[in-house]
Amino acid sequence: MMEVLRTIDGMRRWNRQSTGTIGLVPTMGALHEGHLSLVRASVKKADRTVVSVFVNPLQFGANEDLSAYPRTFEQDLALLKAAGADAVFYPSVEEMYPRGESLTRVSVGTMGQVLCGRTRPIHFEGVATVVIKLLNIVAPDYAFFGEKDWQQLAVIRRMVDDLNVPVTVVGVPTVRETSGLALSSRNQYLSSEERGLAANLSRALRLGLSRYEAGERSRDAIRDAIRRELQEHGLEPEYVELVDPDTLDTAPQVLDRPAVAALAVRIGRARLIDNLMLGQN
Ligand code: AMP
């Protein structure tokens, strides 16, 4: 039976009573196949799987979509049950932040300032803070994060390493529609026409990959090819960058090791991100 725990005490009690290893899948709900592939990866690897559903105010900027963020909890529960989750941690904002916003925060330095951090300066500090709280509450052996949010995955890996958190972070490949569009809760903001446009994000990244695979090793040439492909479809990216997969530092001008090509584009009400690995990491 899948249990729903709304309090930190309840979650900890469930934990103490459960046996074997625990996998944690942190989510903000509005679940889709991308989330479910994380859940399945956890079910496969760990004896028990806990999925957290919490829209974390700390990671939203003042002008972002906190209040509009899709919430579909009843549907999420049905999907999680079918995917084999054992427990759902579903705390209120008051339960997670009883004194209002957390005074203590995890600073992630420059890793939180590059890429998406340029337009979302407090986002990754908010993510790291809620994730360390979830790790402290659930105390999992494994924690699963999607490669779709590559910067988030890199930040969490680094935090776990820097702070000696006793958990193994597992990255899970991006789940895509047949058009190539990466699944995202924010795709719900798109009209059908915008959805068609959004397929150009992955198309542009794949073009960059094909240049790389054909032997192109100029960082700027690949970046510009991706950017031009987007612009040809009327999309002006917020950024297109090639970075080191672990440090997120700008990749060297001559690509002598694997890099991640990452981009963000605004389409209508949605801000969409995607990335693709160039080379074998
Ligand atoms: P979110 O609910 O958007 O915070 O996402 C929760 C987790 O699901 C994060 O680790 C995401 O990276 C992951 N995720 C979201 N979309 C996808 C996707 N299309 N493929 C794989 N993982 C995803």
# chains A, B, ... in the order shown; residues from 1 in each chain; ligands from 1
>>> residues_near_ligand(ligand="ligand 1", cutoff="10 Å", atoms="only C-alpha atoms and all ligand atoms", output="ChimeraX atom specification")
/A:25-39,51-56,127,143-153,170-177,181-186,274
>>> residues_around(residues="Ile22 (chain A)", least_positions_apart="3", cutoff="10 Å", atoms="only C-alpha atoms", output="list of chain:residue names")
A:Asn15, A:Ser18, A:Thr19, A:Ser42, A:Val43, A:Lys45, A:Ala46, A:Asp47, A:Arg48, A:Thr49, A:Val50, A:Asp86, A:Val138, A:Ala139, A:Pro140, A:Asp141, A:Tyr142, A:Ala143, A:Val167
>>> closest_residue(among="A:Leu103, A:Thr168, A:Gln188, A:Leu248", to="Arg71 (chain A)", atoms="only C-alpha atoms")
A:Gln188
>>> select_by_dssp(residues="region 3-73 of chain A", states="strand (DSSP E or B)", output="list in words")
Glu3, Val4, Leu5, Ile22, Gly23, Leu24, Val25, Pro26, Thr27, Arg48, Thr49, Val50, Val51, Ser52 and Val53 of chain A
>>> closest_residue(among="A:Arg266, A:Ile222, A:Arg120, A:Leu272", to="Ala251 (chain A)", atoms="only C-alpha atoms")
A:Ile222
>>> decode(residues="region 94-110 of chain A", atoms="N, CA and C atoms", output="JSON list (two decimals), in the first residue's frame")
[["chain", "number", "residue", "atom", "x", "y", "z"],
["A", 94, "GLU", "N", 3.89, 25.51, 5.09],
["A", 94, "GLU", "CA", 4.08, 25.80, 6.54],
["A", 94, "GLU", "C", 4.86, 24.68, 7.21],
["A", 95, "GLU", "N", 4.62, 23.45, 6.78],
["A", 95, "GLU", "CA", 5.34, 22.32, 7.38],
["A", 95, "GLU", "C", 6.83, 22.41, 7.03],
["A", 96, "MET", "N", 7.13, 22.81, 5.82],
["A", 96, "MET", "CA", 8.53, 22.87, 5.38],
["A", 96, "MET", "C", 9.22, 24.16, 5.86],
["A", 97, "TYR", "N", 8.47, 25.24, 5.92],
["A", 97, "TYR", "CA", 9.07, 26.53, 6.33],
["A", 97, "TYR", "C", 8.22, 27.15, 7.44],
["A", 98, "PRO", "N", 8.25, 26.54, 8.65],
["A", 98, "PRO", "CA", 7.35, 27.00, 9.72],
["A", 98, "PRO", "C", 7.64, 28.43, 10.19],
["A", 99, "ARG", "N", 8.85, 28.89, 9.98],
["A", 99, "ARG", "CA", 9.15, 30.27, 10.38],
["A", 99, "ARG", "C", 9.13, 31.23, 9.21],
["A", 100, "GLY", "N", 8.39, 30.89, 8.18],
["A", 100, "GLY", "CA", 8.46, 31.68, 6.96],
["A", 100, "GLY", "C", 9.67, 31.20, 6.18],
["A", 101, "GLU", "N", 10.20, 32.04, 5.34],
["A", 101, "GLU", "CA", 11.33, 31.59, 4.52],
["A", 101, "GLU", "C", 12.51, 31.20, 5.39],
["A", 102, "SER", "N", 13.24, 30.18, 4.92],
["A", 102, "SER", "CA", 14.37, 29.67, 5.69],
["A", 102, "SER", "C", 15.47, 30.71, 5.80],
["A", 103, "LEU", "N", 15.97, 30.92, 7.02],
["A", 103, "LEU", "CA", 17.07, 31.87, 7.22],
["A", 103, "LEU", "C", 18.37, 31.26, 6.70],
["A", 104, "THR", "N", 18.55, 29.98, 7.02],
["A", 104, "THR", "CA", 19.75, 29.27, 6.57],
["A", 104, "THR", "C", 19.53, 28.76, 5.15],
["A", 105, "ARG", "N", 20.46, 29.05, 4.27],
["A", 105, "ARG", "CA", 20.32, 28.59, 2.88],
["A", 105, "ARG", "C", 21.62, 28.00, 2.39],
["A", 106, "VAL", "N", 21.52, 27.10, 1.44],
["A", 106, "VAL", "CA", 22.70, 26.51, 0.84],
["A", 106, "VAL", "C", 23.12, 27.37, -0.34],
["A", 107, "SER", "N", 24.32, 27.94, -0.24],
["A", 107, "SER", "CA", 24.84, 28.75, -1.33],
["A", 107, "SER", "C", 25.62, 27.84, -2.27],
["A", 108, "VAL", "N", 25.36, 27.96, -3.56],
["A", 108, "VAL", "CA", 26.04, 27.08, -4.50],
["A", 108, "VAL", "C", 27.00, 27.86, -5.41],
["A", 109, "GLY", "N", 27.35, 29.06, -4.98],
["A", 109, "GLY", "CA", 28.39, 29.84, -5.65],
["A", 109, "GLY", "C", 28.12, 30.06, -7.13],
["A", 110, "THR", "N", 29.18, 30.02, -7.92],
["A", 110, "THR", "CA", 29.04, 30.36, -9.34],
["A", 110, "THR", "C", 28.18, 29.34, -10.08]]
